[in-house]
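Q: As input, take work12.txt (compact mmCIF, C-alpha atoms):
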# COMPACT_ATOMS: atom_id res chain seq x y z
CA MET A 1446 70.08 88.80 98.33
CA GLU A 1447 73.43 90.57 98.53
CA HIS A 1448 75.66 90.00 101.54
CA LYS A 1449 78.27 92.42 102.90
CA ILE A 1450 81.17 92.17 105.33
CA ASP A 1451 83.34 95.06 106.48
CA THR A 1452 86.75 93.73 107.56
CA ARG A 1453 88.51 97.09 107.69
CA GLY A 1454 90.76 97.46 110.71
CA LEU A 1455 90.66 93.78 111.62
CA SER A 1456 94.03 92.10 111.85
CA CYS A 1457 94.99 88.83 110.27
CA PRO A 1458 93.48 86.17 110.15
CA LEU A 1459 90.09 87.55 111.21
CA PRO A 1460 89.05 88.92 107.76
CA VAL A 1461 89.68 85.66 105.91
CA VAL A 1462 88.03 83.62 108.67
CA ALA A 1463 84.92 85.84 108.64
CA VAL A 1464 84.66 85.64 104.85
CA ARG A 1465 85.25 81.89 104.80
CA ASN A 1466 82.53 81.29 107.40
CA LYS A 1467 80.12 83.46 105.43
CA LEU A 1468 80.87 81.69 102.12
CA LEU A 1469 80.39 78.29 103.74
CA GLU A 1470 77.04 79.48 105.04
CA MET A 1471 75.94 81.08 101.72
CA LYS A 1472 77.01 78.19 99.44
CA LYS A 1473 76.25 80.47 96.43
CA GLY A 1474 75.36 84.09 95.73
CA ILE A 1475 77.22 87.39 95.92
CA LEU A 1476 79.27 88.64 98.84
CA GLU A 1477 80.77 92.13 99.00
CA VAL A 1478 83.78 92.49 101.27
CA LEU A 1479 85.51 95.71 102.26
CA VAL A 1480 89.21 95.17 102.93
CA ASP A 1481 91.96 97.63 103.85
CA THR A 1482 95.18 95.60 103.69
CA GLY A 1483 96.91 93.83 100.84
CA THR A 1484 97.47 90.80 103.07
CA SER A 1485 93.76 90.28 103.72
CA LYS A 1486 92.97 90.90 100.05
CA ASP A 1487 95.49 88.19 99.04
CA ASN A 1488 94.32 85.74 101.74
CA ILE A 1489 90.66 86.12 100.84
CA THR A 1490 91.34 85.85 97.10
CA ARG A 1491 93.36 82.66 97.60
CA MET A 1492 90.79 81.09 99.92
CA ALA A 1493 87.76 82.00 97.79
CA THR A 1494 89.19 81.01 94.40
CA SER A 1495 90.41 77.67 95.74
CA ALA A 1496 86.83 77.03 96.94
CA GLY A 1497 85.52 77.74 93.43
CA TRP A 1498 84.31 81.32 93.91
CA LYS A 1499 84.93 84.13 91.43
CA VAL A 1500 86.64 87.19 92.87
CA GLU A 1501 86.56 90.72 91.45
CA ILE A 1502 88.59 93.44 93.16
CA ARG A 1503 88.06 97.18 92.89
CA GLU A 1504 90.55 99.52 94.53
CA GLU A 1505 88.95 102.60 96.03
CA SER A 1506 91.04 105.20 97.89
CA GLU A 1507 93.56 102.75 99.40
CA GLU A 1508 90.86 100.23 100.23
CA TYR A 1509 89.55 97.27 98.29
CA LEU A 1510 86.00 96.29 97.50
CA MET A 1511 85.97 92.57 96.79
CA VAL A 1512 82.97 91.10 95.02
CA ILE A 1513 82.90 87.34 95.54
CA SER A 1514 80.35 85.34 93.58
CA LYS A 1515 79.30 81.81 92.65
CA MET B 712 98.51 70.56 88.25
CA LEU B 713 102.12 70.65 89.40
CA LYS B 714 102.77 73.66 87.18
CA GLU B 715 99.81 75.47 88.71
CA PHE B 716 101.08 74.61 92.22
CA PHE B 717 104.44 76.21 91.55
CA SER B 718 103.25 79.22 89.54
CA PHE B 719 100.91 80.14 92.38
CA ARG B 720 103.56 79.60 95.01
CA LYS B 721 106.79 80.53 93.23
CA TYR B 722 107.34 83.75 95.17
CA ILE B 723 106.70 82.24 98.61
CA ILE B 724 108.96 79.29 97.71
CA PHE B 725 111.65 81.71 96.55
CA THR B 726 111.31 83.70 99.78
CA GLY B 727 111.64 80.55 101.92
CA VAL B 728 114.64 79.34 99.92
CA PHE B 729 116.27 82.78 100.10
CA ILE B 730 115.84 82.95 103.88
CA GLY B 731 117.11 79.39 104.35
CA ILE B 732 120.22 79.91 102.25
CA SER B 733 121.03 83.42 103.50
CA ALA B 734 120.66 82.39 107.15
CA THR B 735 123.14 79.55 106.77
CA VAL B 736 125.51 81.74 104.76
CA LEU B 737 125.29 84.50 107.40
CA GLN B 738 126.31 81.84 109.92
CA LYS B 739 129.26 80.95 107.72
CA LEU B 740 130.14 84.65 107.60
CA GLY B 741 130.18 84.97 111.37
CA ASN B 742 126.71 84.78 112.91
CA PRO B 743 126.31 82.32 115.83
CA PRO B 744 125.77 78.61 115.04
CA ASN B 745 122.23 77.65 113.97
CA MET B 746 121.43 81.32 114.49
CA GLY B 747 122.07 82.76 111.05
CA ILE B 748 118.78 84.49 111.66
CA CYS B 749 116.78 84.34 114.88
CA VAL B 750 114.36 87.18 115.41
CA ALA B 751 113.98 86.56 119.15
CA CYS B 752 117.71 86.08 119.81
CA MET B 753 118.62 89.11 117.74
CA GLU B 754 116.09 91.33 119.51
CA ARG B 755 117.47 89.97 122.78
CA ASP B 756 120.96 91.00 121.68
CA ILE B 757 119.64 94.49 120.92
CA ALA B 758 118.08 94.62 124.40
CA GLY B 759 121.52 93.72 125.78
CA ALA B 760 123.31 96.34 123.71
CA LEU B 761 120.98 98.99 125.13
CA GLY B 762 121.62 97.75 128.66
CA LEU B 763 118.11 96.40 129.26
CA HIS B 764 119.90 93.29 130.51
CA ARG B 765 123.51 92.70 131.51
CA ALA B 766 124.13 89.21 130.16
CA GLU B 767 127.56 90.06 128.76
CA VAL B 768 127.63 87.36 126.10
CA VAL B 769 124.47 88.46 124.27
CA GLN B 770 124.85 92.17 123.55
CA TYR B 771 124.96 93.44 119.98
CA ILE B 772 122.81 95.66 117.79
CA ARG B 773 121.85 93.15 115.13
CA PRO B 774 121.57 94.80 111.72
CA GLU B 775 119.29 91.96 110.55
CA ILE B 776 116.41 93.30 112.67
CA ILE B 777 116.97 96.80 111.29
CA GLY B 778 117.15 95.44 107.74
CA PHE B 779 113.87 93.54 108.09
CA VAL B 780 112.02 96.74 108.95
CA PHE B 781 113.78 98.80 106.26
CA GLY B 782 113.20 96.17 103.56
CA SER B 783 109.52 95.91 104.41
CA LEU B 784 109.22 99.71 104.52
CA ILE B 785 110.72 100.02 101.02
CA ALA B 786 108.42 97.31 99.61
CA ALA B 787 105.38 98.91 101.24
CA LEU B 788 106.27 102.34 99.84
CA VAL B 789 107.03 101.03 96.34
CA PHE B 790 103.82 99.00 96.16
CA LYS B 791 101.73 101.65 97.91
CA GLU B 792 100.89 99.48 100.91
CA PHE B 793 102.35 101.74 103.60
CA LYS B 794 99.43 102.61 105.85
CA ALA B 795 99.85 104.09 109.31
CA ARG B 796 97.43 102.31 111.61
CA SER B 797 97.12 101.65 115.34
CA GLY B 798 94.71 101.23 118.20
CA SER B 799 93.96 97.49 118.24
CA ALA B 800 94.63 96.77 121.94
CA PRO B 801 98.28 97.89 121.85
CA LEU B 802 98.88 97.14 125.55
CA VAL B 803 97.66 93.56 125.12
CA ARG B 804 99.99 93.24 122.14
CA PHE B 805 102.87 94.53 124.29
CA VAL B 806 102.13 91.84 126.89
CA LEU B 807 101.87 89.16 124.19
CA GLY B 808 105.22 90.25 122.76
CA PHE B 809 106.75 90.17 126.23
CA LEU B 810 105.42 86.66 126.89
CA ALA B 811 106.36 85.37 123.43
CA MET B 812 109.95 86.39 124.18
CA ILE B 813 109.87 84.74 127.62
CA GLY B 814 108.75 81.49 125.96
CA ALA B 815 111.19 81.75 123.06
CA LEU B 816 114.13 82.28 125.42
CA VAL B 817 113.21 79.19 127.44
CA PHE B 818 113.50 77.19 124.20
CA LEU B 819 116.36 79.41 122.95
CA GLY B 820 114.97 80.55 119.65
CA CYS B 821 112.00 81.87 117.73
CA PRO B 822 110.13 79.79 115.12
CA TRP B 823 112.70 80.84 112.51
CA ARG B 824 115.55 79.55 114.62
CA ALA B 825 113.62 76.39 115.50
CA LEU B 826 113.59 75.60 111.77
CA LEU B 827 117.24 76.59 111.35
CA ARG B 828 118.25 74.51 114.38
CA LEU B 829 116.51 71.48 112.87
CA ALA B 830 118.18 72.18 109.53
CA GLY B 831 121.52 72.22 111.37
CA GLY B 832 120.84 68.77 112.86
CA ASP B 833 119.70 69.88 116.34
CA GLY B 834 117.09 67.28 117.31
CA ASN B 835 115.97 69.34 120.32
CA ALA B 836 114.29 71.66 117.84
CA ILE B 837 111.72 68.94 117.12
CA PHE B 838 110.34 69.45 120.63
CA GLY B 839 110.33 73.22 120.17
CA LEU B 840 108.47 72.92 116.86
CA ALA B 841 106.00 70.47 118.44
CA GLY B 842 105.40 73.00 121.21
CA LEU B 843 104.93 75.73 118.63
CA VAL B 844 102.22 73.71 116.86
CA VAL B 845 100.45 73.04 120.19
CA GLY B 846 100.56 76.75 121.06
CA ILE B 847 99.19 77.71 117.62
CA TRP B 848 96.46 75.08 117.97
CA VAL B 849 95.35 76.57 121.31
CA GLY B 850 95.38 80.02 119.69
CA ILE B 851 93.18 78.70 116.87
CA PHE B 852 90.69 77.48 119.45
CA PHE B 853 90.34 81.08 120.65
CA ILE B 854 90.14 82.48 117.09
CA ARG B 855 87.34 80.01 116.31
CA SER B 856 85.66 81.20 119.52
CA GLY B 857 85.58 84.77 118.26
CA TYR B 858 88.87 86.04 119.74
CA ASN B 859 89.44 89.58 118.48
CA LEU B 860 91.75 92.35 119.65
CA GLY B 861 89.47 94.95 118.07
CA ARG B 862 89.77 97.07 114.95
CA ASN B 863 92.71 99.37 114.36
CA GLN B 864 92.28 102.91 113.01
CA ARG B 865 94.02 104.80 110.26
CA THR B 866 96.19 107.43 111.87
CA TYR B 867 98.79 110.13 111.16
CA PRO B 868 101.54 108.92 108.79
CA LEU B 869 104.17 109.78 111.42
CA VAL B 870 102.83 107.01 113.69
CA GLY B 871 103.67 104.46 111.02
CA TRP B 872 107.15 105.93 110.64
CA ILE B 873 108.08 105.65 114.32
CA MET B 874 109.33 102.05 114.13
CA PRO B 875 111.49 102.67 111.03
CA LEU B 876 112.86 105.76 112.83
CA ILE B 877 113.65 103.73 115.95
CA MET B 878 115.50 101.31 113.68
CA MET B 879 117.38 104.22 112.12
CA GLY B 880 118.40 105.29 115.63
CA LEU B 881 119.65 101.78 116.39
CA PHE B 882 121.55 101.75 113.10
CA LEU B 883 123.31 105.00 114.02
CA LEU B 884 124.23 103.54 117.43
CA LEU B 885 125.63 100.46 115.66
CA LEU B 886 127.56 102.54 113.18
CA PHE B 887 129.11 105.05 115.58
CA ARG B 888 129.22 102.88 118.73
CA PRO B 889 129.17 105.73 121.27
CA GLN B 890 130.60 104.80 124.66
CA LEU B 891 128.77 106.37 127.60
CA PRO B 892 130.07 106.38 131.19
CA SER B 893 127.51 103.69 132.04
CA GLY B 894 129.19 101.38 129.55
CA ALA B 895 126.40 101.65 126.98
CA VAL B 896 126.27 100.94 124.11
CA PHE B 897 127.23 97.39 125.14
CA PHE B 898 128.89 95.07 122.65
CA SER B 899 129.86 91.52 123.67
CA SER B 900 133.54 90.67 123.43
CA GLN B 901 132.84 86.94 123.77
CA GLY B 902 129.96 84.50 123.33
CA PRO B 903 127.19 84.61 120.73
CA GLY B 904 126.92 88.41 120.93
CA SER B 905 130.47 88.77 119.68
CA GLN B 906 129.79 86.55 116.66
CA HIS B 907 128.40 88.38 113.71
CA ALA B 908 128.54 88.60 109.94
CA PRO B 909 129.92 91.81 108.37
CA LEU B 910 127.51 94.65 109.14
CA PHE B 911 126.59 95.78 105.64
CA ILE B 912 126.23 92.26 104.23
CA ALA B 913 123.88 91.34 107.10
CA LEU B 914 121.92 94.57 106.64
CA LEU B 915 121.58 94.12 102.88
CA VAL B 916 120.54 90.46 103.11
CA ALA B 917 117.97 91.33 105.79
CA MET B 918 116.60 94.17 103.66
CA VAL B 919 116.06 91.77 100.76
CA ILE B 920 114.31 89.37 103.15
CA GLY B 921 112.18 92.21 104.50
CA PHE B 922 111.24 93.23 100.95
CA LEU B 923 110.36 89.68 99.87
CA ALA B 924 108.50 88.88 103.08
CA GLN B 925 106.41 92.04 102.87
CA ARG B 926 105.34 91.09 99.36
CA THR B 927 104.68 87.39 100.04
CA ARG B 928 103.34 87.89 103.63
CA PHE B 929 105.84 85.24 104.83
CA CYS B 930 104.99 84.13 108.36
CA THR B 931 106.09 80.98 110.18
CA VAL B 932 103.17 81.01 112.62
CA ALA B 933 100.44 81.76 110.06
CA ALA B 934 101.94 78.94 107.97
CA VAL B 935 100.79 76.37 110.51
CA ARG B 936 97.69 78.33 111.56
CA ASP B 937 96.33 78.61 108.01
CA VAL B 938 96.73 74.89 107.36
CA ILE B 939 94.61 74.06 110.41
CA LEU B 940 92.24 77.03 110.36
CA ILE B 941 91.45 77.59 106.67
CA LYS B 942 93.10 74.57 104.97
CA ASP B 943 95.50 76.89 103.10
CA THR B 944 99.04 75.59 102.49
CA TYR B 945 100.44 78.70 100.76
CA LEU B 946 102.58 80.00 103.65
CA PHE B 947 103.41 76.48 104.80
CA THR B 948 105.08 75.91 101.41
CA GLY B 949 107.37 78.83 102.22
CA VAL B 950 108.31 77.42 105.62
CA ILE B 951 109.09 73.98 104.19
CA SER B 952 111.17 75.68 101.48
CA LEU B 953 113.13 77.51 104.19
CA LEU B 954 113.77 74.27 106.08
CA LEU B 955 114.88 72.28 103.03
CA ALA B 956 117.03 75.08 101.61
CA ALA B 957 118.75 75.58 104.96
CA LEU B 958 119.31 71.82 105.29
CA VAL B 959 120.90 71.50 101.85
CA SER B 960 122.92 74.67 102.40
CA ASN B 961 124.16 73.40 105.79
CA LEU B 962 125.21 70.09 104.21
CA ILE B 963 127.15 71.94 101.50
CA LEU B 964 128.73 74.35 104.01
CA LYS B 965 129.49 71.46 106.39
CA GLN B 966 127.40 73.00 109.16
CA PHE B 967 125.13 69.96 109.64
CA GLN B 968 125.77 68.11 112.92
CA PRO B 969 122.96 65.73 113.86
CA GLY B 970 122.26 64.95 117.52
CA PHE B 971 120.63 66.10 120.74
CA GLN B 972 123.55 66.70 123.11
CA ASN B 973 126.01 69.60 122.93
CA GLN B 974 124.14 71.39 120.18
CA PRO B 975 125.16 75.05 119.83
CA ILE B 976 123.23 77.55 121.97
CA ALA B 977 120.66 74.92 122.91
CA HIS B 978 119.74 72.68 125.83
CA ALA B 979 118.30 69.17 125.91
CA ASN B 980 115.58 69.62 128.53
CA GLN B 981 112.75 68.57 126.26
CA TRP B 982 109.87 69.42 128.58
CA TRP B 983 110.86 73.05 128.61
CA ASN B 984 111.91 73.12 124.97
CA LEU B 985 108.33 72.11 124.33
CA GLY B 986 106.74 74.25 127.05
CA GLY B 987 108.62 77.41 126.09
CA MET B 988 107.42 77.15 122.52
CA VAL B 989 103.83 76.36 123.52
CA LEU B 990 103.84 79.75 125.24
CA ALA B 991 105.56 81.48 122.31
CA GLY B 992 103.27 79.84 119.75
CA LEU B 993 100.15 80.83 121.66
CA ALA B 994 101.32 84.42 122.18
CA PHE B 995 102.30 84.79 118.50
CA THR B 996 98.97 83.37 117.35
CA LEU B 997 96.98 85.65 119.65
CA ALA B 998 98.97 88.60 118.24
CA GLY B 999 98.44 87.48 114.62
CA GLY B 1000 101.92 86.48 113.49
CA CYS B 1001 105.46 85.30 114.13
CA PRO B 1002 108.17 87.73 115.30
CA GLY B 1003 109.46 88.21 111.77
CA ARG B 1004 106.00 89.04 110.51
CA GLN B 1005 105.55 91.57 113.34
CA LEU B 1006 108.73 93.34 112.15
CA PHE B 1007 107.52 93.34 108.53
CA LEU B 1008 104.14 94.71 109.58
CA SER B 1009 105.79 97.41 111.67
CA GLY B 1010 107.75 98.39 108.54
CA GLU B 1011 104.53 98.91 106.56
CA GLY B 1012 103.04 101.25 109.17
CA ASP B 1013 101.35 98.90 111.63
CA ALA B 1014 102.07 100.57 114.98
CA ASP B 1015 100.35 97.75 116.90
CA ALA B 1016 102.86 95.27 115.49
CA ALA B 1017 105.60 97.73 116.49
CA VAL B 1018 104.29 97.69 120.07
CA PHE B 1019 104.48 93.88 119.98
CA VAL B 1020 108.14 94.13 118.90
CA LEU B 1021 108.89 96.56 121.73
CA GLY B 1022 107.19 94.11 124.11
CA MET B 1023 109.54 91.41 122.88
CA ILE B 1024 112.62 93.58 123.42
CA VAL B 1025 111.53 94.52 126.96
CA GLY B 1026 110.65 90.84 127.57
CA ALA B 1027 114.19 89.89 126.61
CA GLY B 1028 115.58 92.33 129.16
CA PHE B 1029 113.31 90.85 131.82
CA ALA B 1030 114.15 87.26 130.84
CA HIS B 1031 117.87 87.73 131.48
CA ASN B 1032 117.53 90.00 134.52
CA PHE B 1033 115.07 87.64 136.22
CA ASP B 1034 116.77 84.40 135.20
CA THR B 1035 113.91 83.03 133.15
CA ALA B 1036 116.04 82.63 129.99
CA SER B 1037 117.71 79.28 129.40
CA SER B 1038 121.39 78.70 128.81
CA PRO B 1039 123.10 75.67 127.22
CA LYS B 1040 123.07 74.17 130.75
CA GLY B 1041 119.26 74.17 130.80
CA PRO B 1042 116.32 76.36 131.78
CA GLY B 1043 116.95 79.35 134.04
CA LEU B 1044 115.92 79.19 137.70
CA TRP B 1045 112.57 80.85 137.01
CA GLY B 1046 112.14 79.63 133.42
CA PRO B 1047 109.53 76.90 134.06
CA ALA B 1048 107.54 79.12 136.44
CA SER B 1049 107.56 81.98 133.93
CA VAL B 1050 106.24 79.69 131.19
CA ILE B 1051 103.36 78.53 133.40
CA VAL B 1052 102.47 82.07 134.47
CA GLY B 1053 102.78 83.24 130.85
CA LEU B 1054 100.44 80.49 129.66
CA ILE B 1055 97.87 81.44 132.31
CA ILE B 1056 98.04 85.10 131.21
CA CYS B 1057 97.63 84.11 127.53
CA LEU B 1058 94.66 81.89 128.38
CA VAL B 1059 93.05 84.73 130.34
CA ILE B 1060 93.59 87.08 127.37
CA GLY B 1061 92.18 84.52 124.92
CA PHE B 1062 89.20 83.82 127.11
CA SER B 1063 88.33 87.41 128.00
CA MET B 1064 88.71 88.80 124.46
CA SER B 1065 86.56 86.18 122.73
CA ASP B 1066 82.91 85.11 122.71
CA LEU B 1067 83.72 82.56 125.42
CA ARG B 1068 83.31 85.23 128.08
CA GLN B 1069 79.88 86.15 126.77
CA LYS B 1070 78.85 82.50 126.58
CA ARG B 1071 79.91 81.95 130.17
CA LYS B 1072 77.88 84.95 131.26
CA GLU B 1073 74.81 83.62 129.47
CA ALA B 1074 75.31 80.17 131.01
For the structure just supplied, provide its representation as structure tokens.
A:
Amino acid sequence: MEHKIDTRGLSCPLPVVAVRNKLLEMKKGILEVLVDTGTSKDNITRMATSAGWKVEIREESEEYLMVISK
Amino acid sequence: MLKEFFSFRKYIIFTGVFIGISATVLQKLGNPPNMGICVACMERDIAGALGLHRAEVVQYIRPEIIGFVFGSLIAALVFKEFKARSGSAPLVRFVLGFLAMIGALVFLGCPWRALLRLAGGDGNAIFGLAGLVVGIWVGIFFIRSGYNLGRNQRTYPLVGWIMPLIMMGLFLLLLFRPQLPSGAVFFSSQGPGSQHAPLFIALLVAMVIGFLAQRTRFCTVAAVRDVILIKDTYLFTGVISLLLAALVSNLILKQFQPGFQNQPIAHANQWWNLGGMVLAGLAFTLAGGCPGRQLFLSGEGDADAAVFVLGMIVGAGFAHNFDTASSPKGPGLWGPASVIVGLIICLVIGFSMSDLRQKRKEA
């Protein structure tokens, strides 16, 4: 099952907290995250990779689609 | 392992070191003692220059504040991160900015200055930093309880340009120093407001800091918050780098004077050094970042962060007009009361804009 979170418009640190909580709950699988600031993209990448998740980022019209998987 | 640690963090370490060294050098070049850079104090000086308060010793349009916004703006434009956005409870952010300034002026410094004061040997800063951590910790409690100021919206590019334009206006006032019949623009002839590094050096250094901080997301409040909230030490590394670099630089420049009494632009009432920064730390955390970070965000188009900054400037005017700001003699007459009222307001905001309100209703 694929999971999705839309963090667009949320200010720091809410995006990274929401993603972290979701990853802790999922333990493994694929999570798609929509992000609209570079700060949140960096925070989420740092947090997810340090927890052993793989992060792929696609930039789409000034927004980022992050695919986080384990 | 060690190599990986530094390669991952080299830019944030560089940013912290650059801020630490440049702040102490700006002090050497004329800025007030242990105040090479202080976002709160410098915004307070701008409030004074505009006549929002009449404390004659703290009135100057600080080019550092202008430079932070310009530097961040340039970085955001170059790296295509400039995005005009607004609408995430701007009035609440104004109030939080106002209260953060009230708290910071009871301690006499923002988180940046707390670090610089410690690096200059001022032991009173330990109590301020302890208060800051307590305030951040309370803020984290609300974040964990679902605290959320709501989503912002993309908006017209002009909205994102308003803060840089305000800074351009301030820069023109600083450059041409018009004298109106009211006495404005006010520039201190004595006291901390009269002490400043050469204008263009301060502006240039601040622009470099703004550029670096926009890229690395440097933030003194998120540094502590992220360690507790998401076990991430990235930003904390930057803050420690700032502290150590400023300490070494102060030792070299002979600006290190350890002690608690008679420290420059500081008081030794530890309860209110602590209390003031509990309020500031909580207000910064509820608004998502330290005062420097709010300036950098406002430079990259975040109009909500700009409203927070304006709240801080108005708060500074209030703090001096209503005697809530401290002086080297100690807290102002209404300083302790303002901290308590400010904390109550922050707690009400945290409670009513989180899931706690819903839970209470259900119970």
Q: Considering all atoms listed in the file, state which residue in the set B:Pro801, B:Gly857, B:Gly832, B:Gly842 is at the smallest distance from Asn1466 in chain A.
A: B:Gly857
Q: Please return, as a PyMOL selection string, all residues of chain B lying within 6 Å of chain A when all atoms listed in the file are considered.
A: chain B and resi 862-863+999
Q: Restricting the calculation to only C-alpha atoms, which member of B:Gly1028, B:Arg796, B:Gly949, B:Lys942 is positioned closest to Ala1496 in chain A?
A: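 Going through B:Gly1028, B:Arg796, B:Gly949, B:Lys942 one by one, the smallest distance to Ala1496 in chain A is for B:Lys942.
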Q: Interatomic distance between CA of Leu1044 in chain B and CA of Asn1032 in chain B?
A: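 About the pair CA of Leu1044 in chain B and CA of Asn1032 in chain B: they are 11.4 Å apart.
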Q: Identify the residues around (81.7, 96.6, 101.4) within a radius of 12 Å, measuring from only C-alpha atoms in the coordinates stated by the file, and give them as a list of chain:residue names.
A: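 Residues satisfying the cut-off, written out: A:Glu1447, A:His1448, A:Lys1449, A:Ile1450, A:Asp1451, A:Thr1452, A:Arg1453, A:Val1464, A:Ile1475, A:Leu1476, A:Glu1477, A:Val1478, A:Leu1479, A:Val1480, A:Asp1481, A:Ile1502, A:Arg1503, A:Glu1504, A:Glu1505, A:Glu1508, A:Tyr1509, A:Leu1510, A:Met1511, A:Val1512, A:Ile1513.
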Q: Please indicate the distance in Å from CA of Val803 in chain B to CA of Leu1058 in chain B, rounded to one decimal place.
A: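 Taking CA of Val803 in chain B and CA of Leu1058 in chain B, their separation equals 12.5 Å.
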Q: In Å, with one decimal, what is the gap from CA of Phe1033 in chain B to CA of Ser1049 in chain B?
A: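 So the two atoms, CA of Phe1033 in chain B and CA of Ser1049 in chain B, lie 9.7 Å apart.
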